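Asker: This is protein35.txt (compact mmCIF, C-alpha atoms).
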```txt
# COMPACT_ATOMS: atom_id res chain seq x y z
CA MET A 30 0.00 0.00 0.00
CA SER A 31 1.48 3.38 -0.96
CA VAL A 32 1.58 6.29 1.49
CA ASP A 33 -1.19 7.96 -0.50
CA GLU A 34 -3.43 4.91 -0.28
CA ARG A 35 -2.75 4.57 3.43
CA ARG A 36 -3.72 8.17 3.98
CA ARG A 37 -6.91 7.71 2.01
CA VAL A 38 -7.83 4.61 4.03
CA ARG A 39 -7.03 6.37 7.29
CA ARG A 40 -9.03 9.40 6.32
CA LEU A 41 -12.34 7.55 5.98
CA PRO A 42 -14.74 9.23 8.38
CA ARG A 43 -15.59 7.33 11.55
CA GLU A 44 -19.25 6.83 10.50
CA VAL A 45 -18.16 5.07 7.33
CA ARG A 46 -15.80 2.79 9.24
CA GLU A 47 -18.46 2.01 11.82
CA ARG A 48 -20.92 1.17 9.08
CA GLN A 49 -18.39 -1.18 7.46
CA ILE A 50 -17.78 -2.87 10.80
CA LEU A 51 -21.48 -3.23 11.60
CA ASP A 52 -22.29 -4.55 8.12
CA ALA A 53 -19.56 -7.15 8.51
CA ALA A 54 -20.65 -8.01 12.06
CA VAL A 55 -24.28 -8.61 11.01
CA THR A 56 -23.07 -10.94 8.24
CA VAL A 57 -20.72 -12.85 10.54
CA PHE A 58 -23.09 -13.09 13.52
CA SER A 59 -25.97 -14.31 11.39
CA ALA A 60 -23.79 -16.89 9.62
CA HIS A 61 -22.13 -18.43 12.70
CA GLY A 62 -24.20 -17.35 15.71
CA TYR A 63 -22.96 -15.09 18.47
CA HIS A 64 -20.76 -17.64 20.25
CA ASN A 65 -19.01 -19.02 17.19
CA ALA A 66 -18.51 -15.66 15.47
CA SER A 67 -14.91 -14.45 15.71
CA MET A 68 -13.68 -10.88 15.79
CA ASP A 69 -10.96 -12.02 13.36
CA GLU A 70 -13.60 -12.78 10.76
CA VAL A 71 -15.45 -9.51 11.40
CA SER A 72 -12.13 -7.71 10.94
CA GLU A 73 -11.45 -9.59 7.70
CA VAL A 74 -14.93 -9.07 6.21
CA ALA A 75 -14.96 -5.39 7.22
CA GLY A 76 -11.41 -4.75 6.04
CA VAL A 77 -10.82 -2.96 9.33
CA SER A 78 -8.17 -3.96 11.88
CA LYS A 79 -9.24 -5.60 15.16
CA PRO A 80 -7.74 -2.81 17.34
CA MET A 81 -9.77 -0.27 15.37
CA ILE A 82 -12.96 -2.34 15.86
CA TYR A 83 -12.35 -2.46 19.62
CA ALA A 84 -11.57 1.26 19.69
CA TYR A 85 -14.70 2.22 17.74
CA LEU A 86 -17.31 -0.27 18.93
CA GLY A 87 -15.90 -2.06 21.97
CA SER A 88 -16.03 -5.75 22.86
CA LYS A 89 -17.77 -8.52 20.91
CA GLU A 90 -20.74 -8.14 23.27
CA ASP A 91 -20.86 -4.36 22.66
CA LEU A 92 -20.60 -4.98 18.92
CA PHE A 93 -23.51 -7.42 18.96
CA ALA A 94 -25.65 -4.98 20.98
CA ALA A 95 -24.74 -2.22 18.50
CA CYS A 96 -25.88 -4.50 15.64
CA ILE A 97 -29.26 -5.07 17.31
CA ARG A 98 -29.70 -1.33 17.93
CA ARG A 99 -28.78 -0.34 14.39
CA GLU A 100 -30.83 -3.06 12.70
CA SER A 101 -33.90 -2.34 14.80
CA ALA A 102 -33.62 1.40 14.11
CA THR A 103 -33.35 0.66 10.37
CA LEU A 104 -36.37 -1.65 10.51
CA LEU A 105 -38.53 0.86 12.39
CA ALA A 106 -37.46 3.64 10.00
CA ALA A 107 -38.39 1.45 7.01
CA ILE A 108 -41.86 0.89 8.46
CA SER A 109 -42.36 4.58 9.28
CA GLN A 110 -41.29 5.57 5.78
CA GLY A 111 -43.52 2.94 4.22
CA VAL A 112 -46.54 4.49 5.86
CA SER A 113 -48.07 7.72 4.71
CA LEU A 114 -50.50 9.41 7.07
CA GLU A 115 -52.71 10.75 4.27
CA LEU A 116 -53.71 7.22 3.32
CA PRO A 117 -56.79 5.52 4.72
CA PRO A 118 -56.03 3.24 7.69
CA ASP A 119 -56.19 -0.04 5.75
CA MET A 120 -53.66 1.22 3.21
CA GLN A 121 -51.44 2.49 6.06
CA LEU A 122 -51.50 -0.98 7.58
CA TRP A 123 -50.86 -2.59 4.21
CA HIS A 124 -47.88 -0.33 3.48
CA GLY A 125 -46.54 -0.87 6.99
CA LEU A 126 -46.77 -4.65 6.64
CA ARG A 127 -45.23 -4.54 3.17
CA ALA A 128 -42.33 -2.44 4.49
CA PHE A 129 -41.83 -4.85 7.39
CA PHE A 130 -41.84 -8.03 5.30
CA ASP A 131 -39.80 -6.42 2.52
CA PHE A 132 -37.18 -5.51 5.11
CA VAL A 133 -37.15 -9.00 6.60
CA GLY A 134 -37.06 -10.57 3.12
CA ALA A 135 -34.28 -8.34 1.80
CA GLN A 136 -32.24 -8.47 5.02
CA ARG A 137 -32.67 -11.98 6.30
CA ALA A 138 -29.26 -11.70 7.96
CA SER A 139 -30.46 -8.66 9.93
CA TRP A 140 -33.61 -10.40 11.03
CA GLN A 141 -31.65 -13.46 12.13
CA VAL A 142 -29.41 -11.26 14.27
CA LEU A 143 -32.26 -9.13 15.55
CA HIS A 144 -34.59 -11.88 16.45
CA ARG A 145 -33.36 -15.44 16.57
CA GLN A 146 -29.81 -14.72 17.67
CA ALA A 147 -30.80 -12.10 20.24
CA ILE A 148 -33.39 -14.46 21.74
CA SER A 149 -31.03 -17.40 21.79
CA GLN A 150 -28.30 -15.36 23.50
CA GLY A 151 -30.47 -14.01 26.29
CA GLY A 152 -28.97 -11.68 28.90
CA PRO A 153 -28.34 -8.09 27.87
CA PHE A 154 -29.45 -8.83 24.31
CA SER A 155 -32.96 -9.73 25.37
CA ASP A 156 -33.15 -6.27 26.99
CA GLU A 157 -32.26 -4.71 23.63
CA LEU A 158 -34.89 -6.89 22.00
CA ILE A 159 -37.55 -5.96 24.55
CA ALA A 160 -36.73 -2.28 24.04
CA MET A 161 -37.10 -2.75 20.27
CA ARG A 162 -40.46 -4.51 20.70
CA ARG A 163 -41.68 -1.64 22.92
CA GLN A 164 -40.70 0.85 20.22
CA ALA A 165 -42.39 -1.24 17.54
CA ILE A 166 -45.61 -1.48 19.57
CA SER A 167 -45.54 2.23 20.23
CA LEU A 168 -44.95 2.94 16.52
CA VAL A 169 -47.82 0.69 15.44
CA ASP A 170 -50.01 2.20 18.13
CA THR A 171 -49.24 5.73 16.94
CA LEU A 172 -49.29 5.12 13.21
CA LEU A 173 -52.13 2.75 12.74
CA VAL A 174 -54.18 1.88 15.70
CA ARG A 175 -54.91 5.34 17.06
CA THR A 176 -56.88 5.94 13.89
CA ALA A 177 -59.35 3.56 15.42
CA THR A 178 -59.57 5.55 18.65
CA ARG A 179 -61.37 8.26 16.79
CA ARG A 180 -63.87 5.58 15.90
CA GLY A 181 -64.54 4.54 19.46
CA LEU A 182 -61.84 2.12 20.62
CA ASP A 183 -60.30 3.23 23.91
CA GLU A 184 -56.58 3.90 24.22
CA GLN A 185 -55.62 0.87 26.33
CA SER A 186 -57.41 -1.36 23.87
CA THR A 187 -55.43 0.05 20.92
CA GLU A 188 -52.14 -0.56 22.77
CA ALA A 189 -53.17 -4.18 23.37
CA LEU A 190 -54.08 -4.57 19.69
CA ALA A 191 -50.74 -3.03 18.68
CA ALA A 192 -48.96 -5.58 20.91
CA ALA A 193 -50.94 -8.42 19.32
CA LEU A 194 -50.19 -7.13 15.82
CA VAL A 195 -46.45 -6.79 16.47
CA GLY A 196 -46.39 -10.31 17.94
CA ALA A 197 -48.25 -11.69 14.94
CA ALA A 198 -45.87 -10.01 12.48
CA GLU A 199 -42.78 -11.20 14.37
CA SER A 200 -44.03 -14.74 14.60
CA LEU A 201 -45.00 -14.83 10.94
CA ALA A 202 -41.58 -13.45 9.96
CA ASP A 203 -40.04 -16.28 11.98
CA TRP A 204 -42.24 -18.81 10.18
CA TRP A 205 -41.14 -17.22 6.91
CA LEU A 206 -37.44 -17.89 7.66
CA ASP A 207 -38.35 -21.58 7.38
CA HIS A 208 -40.47 -21.04 4.23
CA PRO A 209 -38.27 -18.69 2.19
CA ASP A 210 -39.99 -19.51 -1.12
CA VAL A 211 -43.15 -17.61 -0.22
CA PRO A 212 -42.96 -14.09 -1.73
CA SER A 213 -42.89 -11.10 0.63
CA LYS A 214 -46.15 -9.77 -0.77
CA VAL A 215 -47.95 -13.06 -0.11
CA VAL A 216 -46.76 -13.18 3.51
CA ALA A 217 -47.80 -9.55 4.05
CA SER A 218 -51.14 -10.24 2.44
CA ARG A 219 -51.82 -13.21 4.74
CA LEU A 220 -51.37 -11.10 7.84
CA MET A 221 -53.28 -8.22 6.29
CA ASN A 222 -56.22 -10.47 5.62
CA LEU A 223 -56.08 -11.97 9.09
CA VAL A 224 -55.94 -8.72 10.95
CA TRP A 225 -57.50 -6.18 8.66
CA MET A 226 -60.57 -8.08 7.70
CA GLY A 227 -60.92 -8.32 11.46
CA PHE A 228 -59.73 -4.90 12.26
CA GLY A 229 -61.88 -3.41 9.54
CA ASP A 230 -64.97 -4.80 11.21
CA LEU A 231 -63.80 -3.46 14.59
CA VAL A 232 -63.31 -0.01 13.16
CA ASP A 233 -66.83 -0.11 11.79
CA GLY A 234 -68.05 -1.00 15.26
CA ASN A 235 -68.79 -4.65 14.44
CA THR A 236 -67.58 -6.72 17.35
CA TRP A 237 -67.84 -10.43 18.01
CA SER A 238 -69.37 -11.65 21.24
CA PRO A 239 -69.79 -15.21 22.44
CA ALA A 240 -73.43 -14.58 23.41
CA GLU A 241 -74.57 -14.15 19.81
CA HIS A 242 -72.86 -17.39 18.80
CA ALA A 243 -73.57 -19.67 21.76
CA MET Q 17 -39.91 -36.55 63.63
CA SER Q 18 -40.98 -40.05 64.72
CA VAL Q 19 -39.91 -43.16 62.82
CA ASP Q 20 -43.47 -43.50 61.54
CA GLU Q 21 -43.52 -39.93 60.22
CA ARG Q 22 -40.13 -40.42 58.59
CA ARG Q 23 -41.36 -43.56 56.87
CA ARG Q 24 -44.48 -41.73 55.62
CA VAL Q 25 -42.41 -38.86 54.23
CA ARG Q 26 -40.00 -41.29 52.61
CA ARG Q 27 -42.81 -43.29 51.09
CA LEU Q 28 -44.23 -40.44 49.01
CA PRO Q 29 -44.19 -41.64 45.40
CA ARG Q 30 -41.58 -40.13 43.12
CA GLU Q 31 -44.16 -38.31 40.97
CA VAL Q 32 -45.49 -36.48 44.02
CA ARG Q 33 -41.99 -35.43 45.07
CA GLU Q 34 -41.15 -34.28 41.56
CA ARG Q 35 -44.34 -32.26 41.43
CA GLN Q 36 -43.50 -30.61 44.76
CA ILE Q 37 -40.02 -29.78 43.51
CA LEU Q 38 -41.25 -28.38 40.17
CA ASP Q 39 -43.98 -26.32 41.87
CA ALA Q 40 -41.37 -24.83 44.18
CA ALA Q 41 -38.92 -24.27 41.34
CA VAL Q 42 -41.47 -22.37 39.22
CA THR Q 43 -42.23 -20.13 42.23
CA VAL Q 44 -38.57 -19.48 43.00
CA PHE Q 45 -37.43 -18.98 39.36
CA SER Q 46 -40.25 -16.56 38.61
CA ALA Q 47 -39.63 -14.58 41.81
CA HIS Q 48 -35.84 -14.17 41.48
CA GLY Q 49 -34.96 -15.01 37.89
CA TYR Q 50 -32.85 -17.96 36.82
CA HIS Q 51 -29.47 -16.59 37.87
CA ASN Q 52 -30.47 -15.37 41.32
CA ALA Q 53 -32.63 -18.37 42.19
CA SER Q 54 -30.90 -20.69 44.68
CA MET Q 55 -31.33 -24.44 45.00
CA ASP Q 56 -31.42 -23.86 48.79
CA GLU Q 57 -34.61 -21.86 48.42
CA VAL Q 58 -36.15 -24.42 46.04
CA SER Q 59 -35.33 -27.09 48.63
CA GLU Q 60 -36.88 -25.03 51.43
CA VAL Q 61 -40.07 -24.15 49.52
CA ALA Q 62 -40.49 -27.74 48.28
CA GLY Q 63 -39.71 -29.28 51.67
CA VAL Q 64 -37.40 -31.69 49.83
CA SER Q 65 -33.68 -32.01 50.53
CA LYS Q 66 -31.16 -30.70 48.00
CA PRO Q 67 -29.56 -34.12 47.40
CA MET Q 68 -33.00 -35.52 46.58
CA ILE Q 69 -33.65 -32.64 44.14
CA TYR Q 70 -30.35 -33.35 42.37
CA ALA Q 71 -31.10 -37.09 42.34
CA TYR Q 72 -34.59 -36.63 40.89
CA LEU Q 73 -34.25 -33.68 38.53
CA GLY Q 74 -30.56 -32.95 38.08
CA SER Q 75 -28.74 -29.63 38.06
CA LYS Q 76 -30.29 -26.17 38.32
CA GLU Q 77 -30.16 -25.95 34.52
CA ASP Q 78 -31.93 -29.33 34.17
CA LEU Q 79 -34.51 -28.23 36.73
CA PHE Q 80 -35.24 -25.03 34.84
CA ALA Q 81 -35.59 -26.94 31.56
CA ALA Q 82 -37.94 -29.40 33.31
CA CYS Q 83 -40.05 -26.44 34.50
CA ILE Q 84 -40.35 -25.10 30.96
CA ARG Q 85 -41.33 -28.53 29.62
CA ARG Q 86 -43.92 -29.18 32.31
CA GLU Q 87 -45.45 -25.69 32.19
CA SER Q 88 -45.69 -25.74 28.41
CA ALA Q 89 -47.28 -29.20 28.42
CA THR Q 90 -49.82 -27.97 31.01
CA LEU Q 91 -50.59 -24.89 28.96
CA LEU Q 92 -51.08 -26.83 25.74
CA ALA Q 93 -53.28 -29.38 27.54
CA ALA Q 94 -55.40 -26.55 28.99
CA ILE Q 95 -55.94 -25.15 25.51
CA SER Q 96 -56.78 -28.57 24.02
CA GLN Q 97 -59.26 -29.26 26.79
CA GLY Q 98 -60.81 -25.82 26.45
CA VAL Q 99 -61.66 -26.55 22.85
CA SER Q 100 -64.41 -28.88 21.81
CA LEU Q 101 -64.42 -30.05 18.22
CA GLU Q 102 -68.21 -30.15 17.96
CA LEU Q 103 -68.36 -26.38 18.35
CA PRO Q 104 -68.41 -24.03 15.37
CA PRO Q 105 -64.94 -22.62 14.56
CA ASP Q 106 -65.48 -19.22 16.14
CA MET Q 107 -66.51 -20.81 19.44
CA GLN Q 108 -63.49 -23.15 19.24
CA LEU Q 109 -61.21 -20.15 18.85
CA TRP Q 110 -62.99 -18.31 21.64
CA HIS Q 111 -62.68 -21.24 24.05
CA GLY Q 112 -59.05 -21.75 23.05
CA LEU Q 113 -58.23 -18.09 23.71
CA ARG Q 114 -60.15 -18.13 26.99
CA ALA Q 115 -58.23 -21.24 28.10
CA PHE Q 116 -54.93 -19.63 27.15
CA PHE Q 117 -55.54 -16.32 28.91
CA ASP Q 118 -57.13 -18.02 31.92
CA PHE Q 119 -53.99 -20.16 32.24
CA VAL Q 120 -51.69 -17.15 31.95
CA GLY Q 121 -53.85 -15.14 34.39
CA ALA Q 122 -54.10 -17.91 36.98
CA GLN Q 123 -50.46 -18.96 36.62
CA ARG Q 124 -48.57 -15.76 36.09
CA ALA Q 125 -45.53 -17.38 37.69
CA SER Q 126 -45.62 -20.15 35.07
CA TRP Q 127 -45.89 -17.70 32.24
CA GLN Q 128 -42.99 -15.65 33.60
CA VAL Q 129 -40.84 -18.78 33.70
CA LEU Q 130 -42.05 -20.05 30.35
CA HIS Q 131 -41.70 -16.89 28.44
CA ARG Q 132 -39.81 -13.96 29.89
CA GLN Q 133 -37.29 -15.97 31.90
CA ALA Q 134 -36.66 -18.50 29.16
CA ILE Q 135 -36.12 -15.72 26.62
CA SER Q 136 -33.85 -13.74 28.91
CA GLN Q 137 -31.72 -16.80 29.68
CA GLY Q 138 -31.14 -17.82 26.08
CA GLY Q 139 -29.04 -20.89 25.29
CA PRO Q 140 -30.68 -24.29 25.79
CA PHE Q 141 -33.81 -22.68 27.20
CA SER Q 142 -34.56 -20.87 23.99
CA ASP Q 143 -34.52 -24.28 22.27
CA GLU Q 144 -37.18 -25.48 24.74
CA LEU Q 145 -39.14 -22.34 24.03
CA ILE Q 146 -38.88 -22.76 20.27
CA ALA Q 147 -40.05 -26.39 20.60
CA MET Q 148 -43.02 -25.20 22.67
CA ARG Q 149 -43.92 -22.56 20.09
CA ARG Q 150 -43.77 -25.19 17.32
CA GLN Q 151 -46.15 -27.39 19.30
CA ALA Q 152 -48.48 -24.48 19.95
CA ILE Q 153 -48.54 -23.54 16.27
CA SER Q 154 -49.20 -27.13 15.32
CA LEU Q 155 -52.00 -27.37 17.90
CA VAL Q 156 -53.65 -24.18 16.69
CA ASP Q 157 -53.22 -25.31 13.12
CA THR Q 158 -54.89 -28.65 13.85
CA LEU Q 159 -57.62 -27.46 16.16
CA LEU Q 160 -58.76 -24.27 14.64
CA VAL Q 161 -57.29 -23.26 11.39
CA ARG Q 162 -57.77 -26.48 9.43
CA THR Q 163 -61.48 -25.87 9.71
CA ALA Q 164 -60.86 -23.12 7.28
CA THR Q 165 -59.10 -25.43 4.83
CA ARG Q 166 -62.38 -27.07 4.07
CA ARG Q 167 -63.56 -23.63 3.11
CA GLY Q 168 -60.81 -23.01 0.61
CA LEU Q 169 -57.67 -21.82 2.39
CA ASP Q 170 -54.63 -23.87 1.43
CA GLU Q 171 -52.60 -25.74 4.02
CA GLN Q 172 -49.46 -23.60 4.00
CA SER Q 173 -51.61 -20.55 4.45
CA THR Q 174 -53.29 -22.00 7.56
CA GLU Q 175 -49.90 -22.81 9.10
CA ALA Q 176 -48.81 -19.20 8.52
CA LEU Q 177 -52.03 -17.95 10.09
CA ALA Q 178 -51.52 -20.28 13.06
CA ALA Q 179 -48.00 -18.85 13.51
CA ALA Q 180 -49.39 -15.32 13.39
CA LEU Q 181 -52.12 -16.18 15.88
CA VAL Q 182 -49.71 -17.80 18.36
CA GLY Q 183 -47.39 -14.78 18.10
CA ALA Q 184 -50.30 -12.40 18.67
CA ALA Q 185 -51.48 -14.34 21.75
CA GLU Q 186 -47.96 -14.54 23.21
CA SER Q 187 -47.32 -10.87 22.66
CA LEU Q 188 -50.66 -9.89 24.15
CA ALA Q 189 -50.01 -12.11 27.19
CA ASP Q 190 -46.72 -10.30 27.62
CA TRP Q 191 -48.48 -6.94 27.41
CA TRP Q 192 -50.94 -8.25 29.98
CA LEU Q 193 -48.17 -8.94 32.54
CA ASP Q 194 -47.69 -5.16 32.61
CA HIS Q 195 -51.46 -4.48 32.76
CA PRO Q 196 -52.62 -7.04 35.33
CA ASP Q 197 -55.85 -5.16 36.13
CA VAL Q 198 -57.46 -6.07 32.81
CA PRO Q 199 -59.67 -9.17 33.29
CA SER Q 200 -58.76 -12.36 31.43
CA LYS Q 201 -62.02 -12.33 29.51
CA VAL Q 202 -61.42 -8.78 28.26
CA VAL Q 203 -57.93 -9.64 27.01
CA ALA Q 204 -59.22 -12.77 25.27
CA SER Q 205 -62.06 -10.78 23.75
CA ARG Q 206 -59.67 -8.17 22.33
CA LEU Q 207 -57.68 -10.80 20.46
CA MET Q 208 -60.85 -12.62 19.44
CA ASN Q 209 -62.23 -9.46 17.93
CA LEU Q 210 -58.99 -8.65 16.18
CA VAL Q 211 -58.49 -12.05 14.62
CA TRP Q 212 -61.94 -13.54 14.38
CA MET Q 213 -63.72 -10.61 12.90
CA GLY Q 214 -60.91 -10.88 10.38
CA PHE Q 215 -60.74 -14.59 10.25
CA GLY Q 216 -64.50 -14.83 9.97
CA ASP Q 217 -64.42 -12.84 6.79
CA LEU Q 218 -61.60 -15.02 5.45
CA VAL Q 219 -63.57 -18.16 6.14
CA ASP Q 220 -66.49 -16.71 4.25
CA GLY Q 221 -64.15 -16.05 1.35
CA ASN Q 222 -64.02 -12.28 1.84
CA THR Q 223 -60.44 -11.20 1.35
CA TRP Q 224 -58.88 -7.79 1.34
CA SER Q 225 -56.78 -6.67 -1.59
CA PRO Q 226 -54.94 -3.40 -2.07
CA ALA Q 227 -56.34 -2.95 -5.57
CA GLU Q 228 -59.89 -2.40 -4.37
CA HIS Q 229 -58.75 0.22 -1.87
CA ALA Q 230 -56.08 2.10 -3.82
```
Please render this file's structure as structure tokens.
Answerer:
Amino acid sequence: MSVDERRRVRRLPREVRERQILDAAVTVFSAHGYHNASMDEVSEVAGVSKPMIYAYLGSKEDLFAACIRRESATLLAAISQGVSLELPPDMQLWHGLRAFFDFVGAQRASWQVLHRQAISQGGPFSDELIAMRRQAISLVDTLLVRTATRRGLDEQSTEALAAALVGAAESLADWWLDHPDVPSKVVASRLMNLVWMGFGDLVDGNTWSPAEHA
Amino acid sequence: MSVDERRRVRRLPREVRERQILDAAVTVFSAHGYHNASMDEVSEVAGVSKPMIYAYLGSKEDLFAACIRRESATLLAAISQGVSLELPPDMQLWHGLRAFFDFVGAQRASWQVLHRQAISQGGPFSDELIAMRRQAISLVDTLLVRTATRRGLDEQSTEALAAALVGAAESLADWWLDHPDVPSKVVASRLMNLVWMGFGDLVDGNTWSPAEHA
């Protein structure tokens, strides 16, 4: 490497380096799992020296937590951007679900790290995961479900529905990892049909009660 | 303790002892978490000596895994028993949801161990949890969703819907741990309304498509 090249490499801004490291870490963690992933491989894939990785992002544990934080922020941003508040509520939900499943489909490695790996590691990572779920529920509650409040559902009820919806989407995304041939749009459409055809009735004030069906 | 009393205590059948130990372990694990739970306290609460606990159920890790297996088997049995196949599908779903939320409500300690603790511990426990989720999805698929197959939904689609439904119920049960004042029936009814009023339309062949709403 010439002196000029060295200088150019060294001059890369910190954000760019961190992004390279995190991209590499997500790839390596999702391929080998947290325990079997080595910092040597992260360093090799990132093209960044191990001392620089430690200096920028800390230990392997810190690096994994940083991956979860970045990937969950990216996922939530993708959902937010997919949704446009001028749309009617069913189209908001549809766009939100499409954005979610498109993200999971395009970034299976991210989802593996976010979800399966973080759950299987436990400890501090499950705290990160719980924080991410809280944010997701709050986002869904704000974006989609509050629309229904104006139509008569109380606030606590919308939060519960948002929790159920987030759980359904997560679980379906997990199912999808084992059925990768199903297109993103089909998966999104299954959940849309399950919850919207229900939710649509709720919004119109049609509720189900056991008494009428006994 | 007299010789007679000693003999009576010693004569308790193994299943009874194991049940006492597991009951105590669920209480202690859910109160203190896996790491902080001590075998001394399990022994004290169970009224069974530590050597006998090790002899019957193994190490602390084995004991925790045995708790997850027993609690999940109990939960799945409660759901199966709650459902009667002669009922129409909506009443099957309603009884299944009631059984699930009644179990979680009555046995919050079990649910804590099953779900939050197992997730936060990771490792072998997340494998137990994943196995339990698979069984739950398969149960829901068999009991409830296949009904819909006869009305035109394909098999892979019902498995995906079962996964979504299990995820929604789990997530809502988790939300419920933080909102313990809401009655079991109200929580069950929220999920019923979300999914059945949707699912009901699906069963009748009414599906949602973005084209009609664009």
Asker: Give the answer as one residue: which of Q:Asp78, Q:His111, Q:Gln123, Q:Leu103 has the shortest atom-to-atom distance to Asp39 in chain Q, using all atoms listed in the file?
Answerer: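 The shortest atom-to-atom distance to Asp39 in chain Q comes from Q:Gln123.
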Asker: Please, what distance in Å, to one decimal, runs between CA of Ala160 in chain A and CA of Leu190 in chain A?
Answerer: 18.0 Å
Asker: Could you check the closest approach to Glu175 in chain Q for each of Q:Asp56, Q:Asp157, Q:Asp143, Q:Asp190 and tell me which residue wins, using only C-alpha atoms?
Answerer: Q:Asp157
Asker: Would you mind reading off the distance between CA of Ser101 in chain A and CA of Ser187 in chain Q, one decimal, in Å?
Answerer: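 Interatomic distance, CA of Ser101 in chain A to CA of Ser187 in chain Q: 17.7 Å.
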Asker: Quick one: everything within 12 Å of Ala71 in chain Q, counting only C-alpha atoms, minus sequence neighbours fewer than 5 positions away in the same chain. Send it as a PDB file with C-alpha atoms, in the coordinates of the input.
Answerer:
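As a result, selection_33.pdb now contains:
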```pdb
ATOM      1  CA  ARG Q  30     -41.580 -40.130  43.120  1.00  0.00           C
ATOM      2  CA  ARG Q  33     -41.990 -35.430  45.070  1.00  0.00           C
ATOM      3  CA  GLU Q  34     -41.150 -34.280  41.560  1.00  0.00           C
ATOM      4  CA  ILE Q  37     -40.020 -29.780  43.510  1.00  0.00           C
ATOM      5  CA  VAL Q  64     -37.400 -31.690  49.830  1.00  0.00           C
ATOM      6  CA  SER Q  65     -33.680 -32.010  50.530  1.00  0.00           C
ATOM      7  CA  LYS Q  66     -31.160 -30.700  48.000  1.00  0.00           C
ATOM      8  CA  LYS Q  76     -30.290 -26.170  38.320  1.00  0.00           C
ATOM      9  CA  ASP Q  78     -31.930 -29.330  34.170  1.00  0.00           C
ATOM     10  CA  LEU Q  79     -34.510 -28.230  36.730  1.00  0.00           C
TER      11      LEU Q  79
END
```
